[in-house]
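Peer 1: Would you mind keeping the following structure in view while I ask a few things?
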Amino acid sequence: MKKLDSLILQYKKGECELITLFEEIVKSKKYLPFEKLNYLSKKLDIPLAKLYTTASFYSLIPTAKKGKYIIRVCNNLSCNLNGSETILEMLKKELKINLGETTKDGKFSLELTSCIGQCDSAPAMLINNKPYVKLDKTKVRKILRELK
Amino acid sequence: MKIKLNGKWVLAEEGETILKVAERNKIHIPTLCYHPDLKPQGRCRVCLVEVHGKLVTSCDTKIKDKMEIITNTKRVADARKLNIELLCSNYSGEKELEFSVVAKELGIKKSIFEKTIKEIKSPMEKDNMKCLLCGRCVQVCGVVQKINNIEFAGRGVSSRITIPYDLSVKDTPCTFCGQCALYCPSNAIREKAYNKKAVKTMMEEMDKLINKKKFVIAQTAPAVRASLGEMFGMKPGTLVTGKMVTALRKIGFDKVFDTDFGADLTIMEEASEFIERMKSKKNLPLITSCCPAWIKFAEQTYPFLLKNISSCKSPHQMVGAIAKTYYAQKIGVKPEDLMVVSIMPCIAKKFEANRPELKTAGCNDVDVVLTTREIGRMIKTKNINFTKLKDEEFDEPLGISSGGGAIFGVTGGVMEAALRVAYEILTGKILQKLDFIQVRGLEGIKESDVKIGNQTIKVAVVHGLGNIREFIESGRWKNYHFIEMMACPGGCIGGGGQPRPTTNEIRRKRMEAIYRQDKSMELRMSNKNPAVQELYSEFLGKPLGKMSKKLLHTKYKKRKVKFT
């Protein structure tokens with residue numbers, strides 16, 4: 001909270017620095033809780049709905065509580081051509097959840113992401129911001145087993 | 001400036017948009033997200049035209065000197081058509097809506113894609129299947145009403161309009177003013193019953209009640225008679241009082257009463273309250289309490305003003321309370337066998353009618369609230385040919401009203417009606433000039449010094465929640481004795497339950513109709529209403545008396561919401 005307050009002071013009133021503030025919250029909370037965003041709204045004098053709009057635009061700024069491991073499958077051109085959809089379908093089956101959902105035990109969340117710069121080793125995905133590349137079925141199964 | 005429009009040179013002024021110039025030159029360009037009261041957004045891309053070989057949106061593109069604009073090429077037509085077709089993907093057709101009109105104009109009949117429905121808990125609902133993401137609701141909630149409760153969320157194909165964090169609407173600062181629904185061109189945001197299926201169930205429910213020998217009473221708000229005709233293709237500003245009464249009887253209501261009667265009653269109580277506060281100099285300024293959206297707004301955002309707000313119930317609640325006591329006694333019916341249905345230009349009234357504190361004799365003052373749009377739909381569903389109906393009169397005694405009650409439907413009306421009566425009570429003289437022109441009109445904040453006897457009364461009239469916010473937060477409210485607040489721009493004639501479309505132009509026409517009605521009435525002062533006088537002598541005693549306080553007044557309390 002202290003860090004956040006000092007950041008707010010540093011940036012004063014303006015919408016252009018919002019992302020830095022959001023990132024600071026996401027760093028400690030893993031997502032953007034309502035209470036924090038409401039606090040920002042009051043401090044910055046920007047309507048809550050406007051802040052929510054901005055936050056909801058970015059896949060890396062979640063607005064709902066996520067699982068311990070957030071799996072983000074890249075679905076851009078290279079990954080898609082190299083079979084990212086098969087990987088996605090398999091993850092859905094293994095974890096028994098749909099896109100945007102979290103497993104009941106609160107361990108895994110499944111999402112899509114835009115390009116993560118791993119086009120040379122497609123298909124790729126992020127788990128808690130760590131890239132996993134050149135994926136195939138056996139590899140994904142192994143990764144999941146290790147995390148479970 | 002000179003520009004070439006479809007091959008013809010025409011004059012235009014700097015700062016004008018292509019759409020404005022085209023309209024002036026009688027060239028029709030279809031529009032959808034554009035609304036004359038709001039800032040153009042260029043979002044739906046239906047108003048495309050060709051400028052120097054490029055497609056641009058005409059609603060927000062300003063003209064430049066020697067610009068060459070073509071509005072009727074095949075390329076333009078195809079692009080418009082494609083855009084509407086894509087918008088159709090979210091839509092499941094209803095004929096009379098603005099969106100359907102535009103779609104029909106471009107020759108499109110059916111949608112090819114599908115989406116899911118999502119409901120919000122409240123007197124209102126949102127149907128994502130019909131949302132075109134035109135953004136009118138976002139603008140009216142944020143820029144006009146300054147509530148900022150809904151916004152876009154997500155991006156690309158998954159973008160949608162929502163309340164932050166998809167909170168339940170009852171936790172949010174939404175006042176149910178319903179302007180978002182009023183500006184919606186595709187009926188995606190609407191009052192809860194406003195779709196075909198719901199209206200049908202509602203009618204079945206009503207038939208059941210009538211069969212069960214319940215005594216069902218309808219009452220109609222002052223603003224409904226100036227707008228209901230629009231639902232049946234009549235010109236804005238047509239008064240349909242008589243036809244409306246006939247239609248309601250045909251639907252099956254046992255009695256049709258007038259909320260204007262309640263308005264007269266409100267004036268008796270409120271004017272007395274004002275005079276009392278002027279004498280004691282306590283809790284001034286007095287602020288009006290007729291508007292339920294304003295009351296909710298004050299309860300959640302400005303609780304320090306609650307002591308200033310008049311304790312009077314709103315007019316339709318007064319009619320409900322009187323119907324369930326005085327009138328029920330008179331006709332020998334038990335209050336619980338009597339049902340009151342209010343026909344209102346308002347969505348917030350649905351919320352108001354369910355307030356637990358607004359009860360009389362153990363049951364709600366008002367049982368059901370229907371909007372102008374809903375009653376219009378019901379009349380259509382019953383296959384009543386509205387425009388050909390004969391005129392009938394309201395039932396007595398709660399159908400007798402004065403011009404003072406009639407003008408409650410427009411901004412400034414409550415103030416004017418109260419001043420008329422306050423003048424007579426304070427001076428004991430008969431008021432010669434009945435029109436208080438200075439509180440009329442569509443200006444956001446109107447103020448005036450009114451001389452009554454040797455006193456100068458400072459009054460203000462504010463409408464539109466955005467204007468109210470500015471008025472309170474700047475501290476200006478402290479400078480007055482008496483303030484009228486209405487949440488919707490224009491007052492009830494521009495209410496959230498009124499026929500679509502509603503623009504400032506249409507508001508003005510409805511307003512003129514209401515003042516025309518006031519002028520044509522013999523009885524223009526609320527205190528001269530014989531039915532009101534009889535009610536006081538037979539039943540209530542005097543204004544602010546024990547019985548009045550019990551039946552016609554209420555209390556407010558601070559309301560908690562998750563954010564403001």
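Residues in the structure tokens are named by chain (A, B, ... in the order shown) and by number from 1 within that chain; ligands are numbered from 1 in the order shown.
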Which residues come within 12 Å of Tyr132 of chain A, counting only C-alpha atoms, excluding same-chain residues fewer than 4 positions away, as a ChimeraX atom specification?

Peer 2: /A:71-74,116-119,121-128,136,139-140,142-144

Peer 1: Report as a list in words the set of chain A residues whose atoms approach chain B to within 6 Å, with distances computed over only C-alpha atoms.

Peer 2: Ala49, Tyr52, Thr53, Ser56 and Phe57 of chain A

Peer 1: Just the selected residues (C-alpha atoms), exported as a tab-separated table (two decimals), in the first residue's frame, please.

Peer 2:
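Output file result.tsv is given in full below:
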chain	number	residue	atom	x	y	z
A	49	ALA	CA	-15.91	2.20	-14.47
A	52	TYR	CA	-12.12	-1.08	-15.04
A	53	THR	CA	-12.42	-0.49	-18.80
A	56	SER	CA	-10.09	-5.22	-18.73
A	57	PHE	CA	-8.38	-4.43	-22.03

Peer 1: Compile the contact shell of segment 412-426 of chain B as a list in words: residues with an atom at most 8 Å away, counting only C-alpha atoms, same-chain residues fewer than 4 positions apart removed.

Peer 2: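 In the requested format, the answer is Ile267, Met268, Glu270, Ala271, Ser272, Ile275, Thr288, Gly404, Gly405, Ile407, Phe408, Ile430, Leu431, Leu434, Asp435, Phe436, Val439, Arg440, Gly441, Ile452, Gly453, Val461, Ile483, Glu484, Met525, Ser526 and Asn527 of chain B.
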
Peer 1: Restricted to N, CA, C and O atoms, what would the selected residues look like written as an mmCIF file, in the first residue's frame?

Peer 2:
data_model
loop_
_atom_site.group_PDB
_atom_site.id
_atom_site.type_symbol
_atom_site.label_atom_id
_atom_site.label_comp_id
_atom_site.auth_asym_id
_atom_site.auth_seq_id
_atom_site.Cartn_x
_atom_site.Cartn_y
_atom_site.Cartn_z
ATOM 1 N N ILE B 267 -48.675 19.174 -3.637
ATOM 2 C CA ILE B 267 -48.477 20.618 -3.545
ATOM 3 C C ILE B 267 -49.059 21.161 -2.238
ATOM 4 O O ILE B 267 -48.460 21.993 -1.568
ATOM 5 N N MET B 268 -50.245 20.675 -1.860
ATOM 6 C CA MET B 268 -50.854 21.139 -0.604
ATOM 7 C C MET B 268 -49.899 20.883 0.565
ATOM 8 O O MET B 268 -49.667 21.747 1.407
ATOM 9 N N GLU B 270 -46.569 20.051 0.377
ATOM 10 C CA GLU B 270 -45.230 20.597 0.222
ATOM 11 C C GLU B 270 -45.211 22.115 0.400
ATOM 12 O O GLU B 270 -44.285 22.660 1.008
ATOM 13 N N ALA B 271 -46.247 22.788 -0.120
ATOM 14 C CA ALA B 271 -46.303 24.239 0.055
ATOM 15 C C ALA B 271 -46.433 24.571 1.543
ATOM 16 O O ALA B 271 -45.800 25.509 2.050
ATOM 17 N N SER B 272 -47.243 23.785 2.269
ATOM 18 C CA SER B 272 -47.389 24.030 3.707
ATOM 19 C C SER B 272 -46.067 23.789 4.422
ATOM 20 O O SER B 272 -45.675 24.536 5.323
ATOM 21 N N ILE B 275 -43.782 26.733 3.799
ATOM 22 C CA ILE B 275 -44.136 27.916 4.591
ATOM 23 C C ILE B 275 -43.718 27.730 6.047
ATOM 24 O O ILE B 275 -43.176 28.639 6.680
ATOM 25 N N THR B 288 -37.353 19.357 -3.302
ATOM 26 C CA THR B 288 -38.510 18.524 -3.651
ATOM 27 C C THR B 288 -38.164 17.032 -3.589
ATOM 28 O O THR B 288 -37.005 16.653 -3.686
ATOM 29 N N GLY B 404 -52.006 22.896 -12.047
ATOM 30 C CA GLY B 404 -50.804 22.801 -11.208
ATOM 31 C C GLY B 404 -50.294 21.373 -11.134
ATOM 32 O O GLY B 404 -49.096 21.122 -11.160
ATOM 33 N N GLY B 405 -51.225 20.406 -11.062
ATOM 34 C CA GLY B 405 -50.836 19.009 -11.050
ATOM 35 C C GLY B 405 -50.306 18.574 -12.404
ATOM 36 O O GLY B 405 -49.350 17.807 -12.494
ATOM 37 N N ILE B 407 -48.605 20.163 -14.687
ATOM 38 C CA ILE B 407 -47.258 20.573 -15.095
ATOM 39 C C ILE B 407 -46.164 19.884 -14.284
ATOM 40 O O ILE B 407 -44.989 20.127 -14.520
ATOM 41 N N PHE B 408 -46.509 18.986 -13.368
ATOM 42 C CA PHE B 408 -45.502 18.188 -12.659
ATOM 43 C C PHE B 408 -44.615 17.398 -13.620
ATOM 44 O O PHE B 408 -43.516 17.006 -13.290
ATOM 45 N N ILE B 430 -55.572 36.740 -4.106
ATOM 46 C CA ILE B 430 -55.701 35.851 -5.259
ATOM 47 C C ILE B 430 -54.604 36.178 -6.264
ATOM 48 O O ILE B 430 -54.339 37.340 -6.570
ATOM 49 N N LEU B 431 -53.922 35.122 -6.749
ATOM 50 C CA LEU B 431 -52.811 35.305 -7.683
ATOM 51 C C LEU B 431 -53.360 35.634 -9.074
ATOM 52 O O LEU B 431 -54.200 34.914 -9.608
ATOM 53 N N LEU B 434 -50.561 33.724 -13.349
ATOM 54 C CA LEU B 434 -50.285 32.361 -12.897
ATOM 55 C C LEU B 434 -48.997 31.772 -13.465
ATOM 56 O O LEU B 434 -48.470 30.800 -12.935
ATOM 57 N N ASP B 435 -48.495 32.333 -14.569
ATOM 58 C CA ASP B 435 -47.322 31.728 -15.224
ATOM 59 C C ASP B 435 -46.023 32.251 -14.625
ATOM 60 O O ASP B 435 -45.784 33.452 -14.594
ATOM 61 N N PHE B 436 -45.199 31.321 -14.130
ATOM 62 C CA PHE B 436 -43.861 31.701 -13.675
ATOM 63 C C PHE B 436 -42.868 31.262 -14.758
ATOM 64 O O PHE B 436 -42.238 30.214 -14.673
ATOM 65 N N VAL B 439 -39.055 29.785 -14.473
ATOM 66 C CA VAL B 439 -38.635 28.429 -14.098
ATOM 67 C C VAL B 439 -38.918 27.411 -15.209
ATOM 68 O O VAL B 439 -38.720 26.224 -15.035
ATOM 69 N N ARG B 440 -39.359 27.880 -16.377
ATOM 70 C CA ARG B 440 -39.641 26.964 -17.482
ATOM 71 C C ARG B 440 -38.444 26.835 -18.410
ATOM 72 O O ARG B 440 -37.502 27.606 -18.323
ATOM 73 N N GLY B 441 -38.495 25.862 -19.291
ATOM 74 C CA GLY B 441 -37.453 25.712 -20.301
ATOM 75 C C GLY B 441 -36.492 24.589 -19.998
ATOM 76 O O GLY B 441 -36.546 23.978 -18.941
ATOM 77 N N ILE B 452 -42.981 37.472 -3.115
ATOM 78 C CA ILE B 452 -44.295 37.114 -2.593
ATOM 79 C C ILE B 452 -44.547 38.022 -1.399
ATOM 80 O O ILE B 452 -43.855 37.937 -0.388
ATOM 81 N N GLY B 453 -45.523 38.939 -1.539
ATOM 82 C CA GLY B 453 -45.745 39.934 -0.498
ATOM 83 C C GLY B 453 -44.484 40.768 -0.334
ATOM 84 O O GLY B 453 -43.925 41.255 -1.315
ATOM 85 N N VAL B 461 -34.239 25.535 -10.032
ATOM 86 C CA VAL B 461 -34.779 24.315 -10.629
ATOM 87 C C VAL B 461 -33.643 23.625 -11.365
ATOM 88 O O VAL B 461 -33.023 24.222 -12.238
ATOM 89 N N ILE B 483 -35.724 24.421 -3.753
ATOM 90 C CA ILE B 483 -35.073 23.856 -4.932
ATOM 91 C C ILE B 483 -35.865 22.666 -5.459
ATOM 92 O O ILE B 483 -36.309 21.825 -4.688
ATOM 93 N N GLU B 484 -36.059 22.638 -6.774
ATOM 94 C CA GLU B 484 -36.679 21.465 -7.391
ATOM 95 C C GLU B 484 -35.601 20.644 -8.081
ATOM 96 O O GLU B 484 -34.798 21.170 -8.834
ATOM 97 N N MET B 525 -55.056 25.986 -10.027
ATOM 98 C CA MET B 525 -54.379 26.018 -8.731
ATOM 99 C C MET B 525 -54.713 24.753 -7.950
ATOM 100 O O MET B 525 -55.881 24.416 -7.793
ATOM 101 N N SER B 526 -53.683 24.105 -7.407
ATOM 102 C CA SER B 526 -53.888 22.838 -6.701
ATOM 103 C C SER B 526 -54.838 22.982 -5.523
ATOM 104 O O SER B 526 -55.637 22.096 -5.238
ATOM 105 N N ASN B 527 -54.777 24.123 -4.820
ATOM 106 C CA ASN B 527 -55.610 24.271 -3.622
ATOM 107 C C ASN B 527 -57.092 24.477 -3.944
ATOM 108 O O ASN B 527 -57.942 24.392 -3.075
#

Peer 1: What does the structure give for the distance between atom CA of Ile437 of chain B and atom CA of Gln517 of chain B, in Å to one decimal?

Peer 2: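 Separation between atom CA of Ile437 of chain B and atom CA of Gln517 of chain B: 15.5 Å.
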
Peer 1: Among the residues of chain A, find those DSSP assigns to strand (DSSP E) from the backbone and print them as a ChimeraX atom specification.

Peer 2: /A:69-74,108-113,125-127,130-132

Peer 1: Once you count only C-alpha atoms, what closest atom pair and distance in Å to one decimal does each residue of segment 28-94 of chain B within 12 Å of segment 7-12 of chain B have, with rows by chain and rising residue number, as a Markdown table?

Peer 2:
| residue | atom | partner | partner_atom | distance |
| --- | --- | --- | --- | --- |
| B:Val51 | CA | B:Gly7 | CA | 11.9 |
| B:Lys62 | CA | B:Ala12 | CA | 10.5 |
| B:Ile63 | CA | B:Ala12 | CA | 8.0 |
| B:Lys64 | CA | B:Ala12 | CA | 9.2 |
| B:Asp65 | CA | B:Ala12 | CA | 8.7 |
| B:Lys66 | CA | B:Trp9 | CA | 8.8 |
| B:Met67 | CA | B:Trp9 | CA | 9.7 |
| B:Glu68 | CA | B:Gly7 | CA | 7.8 |
| B:Ile69 | CA | B:Gly7 | CA | 8.0 |
| B:Ile70 | CA | B:Gly7 | CA | 7.5 |
| B:Thr71 | CA | B:Gly7 | CA | 10.1 |
| B:Asn72 | CA | B:Gly7 | CA | 10.9 |
| B:Thr73 | CA | B:Gly7 | CA | 11.9 |

Peer 1: Using only N, CA and C atoms, please write the residues we just selected to a file, as a PDB file, in the first residue's frame.

Peer 2:
ATOM      1  N   VAL B  51     -14.935  10.397 -49.145  1.00  0.00           N
ATOM      2  CA  VAL B  51     -14.282  11.693 -49.288  1.00  0.00           C
ATOM      3  C   VAL B  51     -12.946  11.480 -49.986  1.00  0.00           C
ATOM      4  N   LYS B  62     -15.244  16.591 -39.544  1.00  0.00           N
ATOM      5  CA  LYS B  62     -15.541  17.997 -39.820  1.00  0.00           C
ATOM      6  C   LYS B  62     -15.185  18.319 -41.269  1.00  0.00           C
ATOM      7  N   ILE B  63     -15.919  19.230 -41.862  1.00  0.00           N
ATOM      8  CA  ILE B  63     -15.658  19.548 -43.266  1.00  0.00           C
ATOM      9  C   ILE B  63     -14.427  20.436 -43.400  1.00  0.00           C
ATOM     10  N   LYS B  64     -13.799  20.323 -44.568  1.00  0.00           N
ATOM     11  CA  LYS B  64     -12.685  21.212 -44.900  1.00  0.00           C
ATOM     12  C   LYS B  64     -13.045  21.908 -46.209  1.00  0.00           C
ATOM     13  N   ASP B  65     -12.396  23.044 -46.459  1.00  0.00           N
ATOM     14  CA  ASP B  65     -12.694  23.802 -47.668  1.00  0.00           C
ATOM     15  C   ASP B  65     -12.418  22.940 -48.902  1.00  0.00           C
ATOM     16  N   LYS B  66     -13.301  23.038 -49.871  1.00  0.00           N
ATOM     17  CA  LYS B  66     -13.199  22.325 -51.158  1.00  0.00           C
ATOM     18  C   LYS B  66     -13.226  20.807 -51.007  1.00  0.00           C
ATOM     19  N   MET B  67     -13.749  20.314 -49.909  1.00  0.00           N
ATOM     20  CA  MET B  67     -13.883  18.876 -49.709  1.00  0.00           C
ATOM     21  C   MET B  67     -14.866  18.323 -50.725  1.00  0.00           C
ATOM     22  N   GLU B  68     -14.567  17.144 -51.275  1.00  0.00           N
ATOM     23  CA  GLU B  68     -15.516  16.531 -52.201  1.00  0.00           C
ATOM     24  C   GLU B  68     -16.085  15.275 -51.556  1.00  0.00           C
ATOM     25  N   ILE B  69     -17.403  15.304 -51.325  1.00  0.00           N
ATOM     26  CA  ILE B  69     -18.052  14.218 -50.589  1.00  0.00           C
ATOM     27  C   ILE B  69     -19.079  13.535 -51.469  1.00  0.00           C
ATOM     28  N   ILE B  70     -19.033  12.215 -51.506  1.00  0.00           N
ATOM     29  CA  ILE B  70     -20.063  11.482 -52.231  1.00  0.00           C
ATOM     30  C   ILE B  70     -20.762  10.549 -51.254  1.00  0.00           C
ATOM     31  N   THR B  71     -22.092  10.581 -51.243  1.00  0.00           N
ATOM     32  CA  THR B  71     -22.813   9.790 -50.242  1.00  0.00           C
ATOM     33  C   THR B  71     -23.512   8.584 -50.838  1.00  0.00           C
ATOM     34  N   ASN B  72     -23.503   8.453 -52.174  1.00  0.00           N
ATOM     35  CA  ASN B  72     -24.376   7.420 -52.748  1.00  0.00           C
ATOM     36  C   ASN B  72     -23.696   6.464 -53.720  1.00  0.00           C
ATOM     37  N   THR B  73     -22.386   6.195 -53.535  1.00  0.00           N
ATOM     38  CA  THR B  73     -21.751   5.226 -54.444  1.00  0.00           C
ATOM     39  C   THR B  73     -22.088   3.806 -53.990  1.00  0.00           C
TER      40      THR B  73
END

Peer 1: Could you work out how far atom CA of Ala321 of chain B lies from atom CA of Arg373 of chain B, giving the answer in Å with one decimal?

Peer 2: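 Separation of atom CA of Arg373 of chain B and atom CA of Ala321 of chain B: 25.0 Å.
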
Peer 1: Please identify all polymer residues within 9 Å of Leu7 of chain A, counting only C-alpha atoms, omitting same-chain residues fewer than 5 positions from it, and present them as a list in words.

Peer 2: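 Returned residues: Lys2, Lys12, Thr20, Leu21 and Glu24 of chain A.
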
Peer 1: Using only C-alpha atoms, which of the listed residues (B:Lys26, B:Arg225, B:Lys528, B:Arg45) sits closest to Met511 of chain B?

Peer 2: B:Arg225
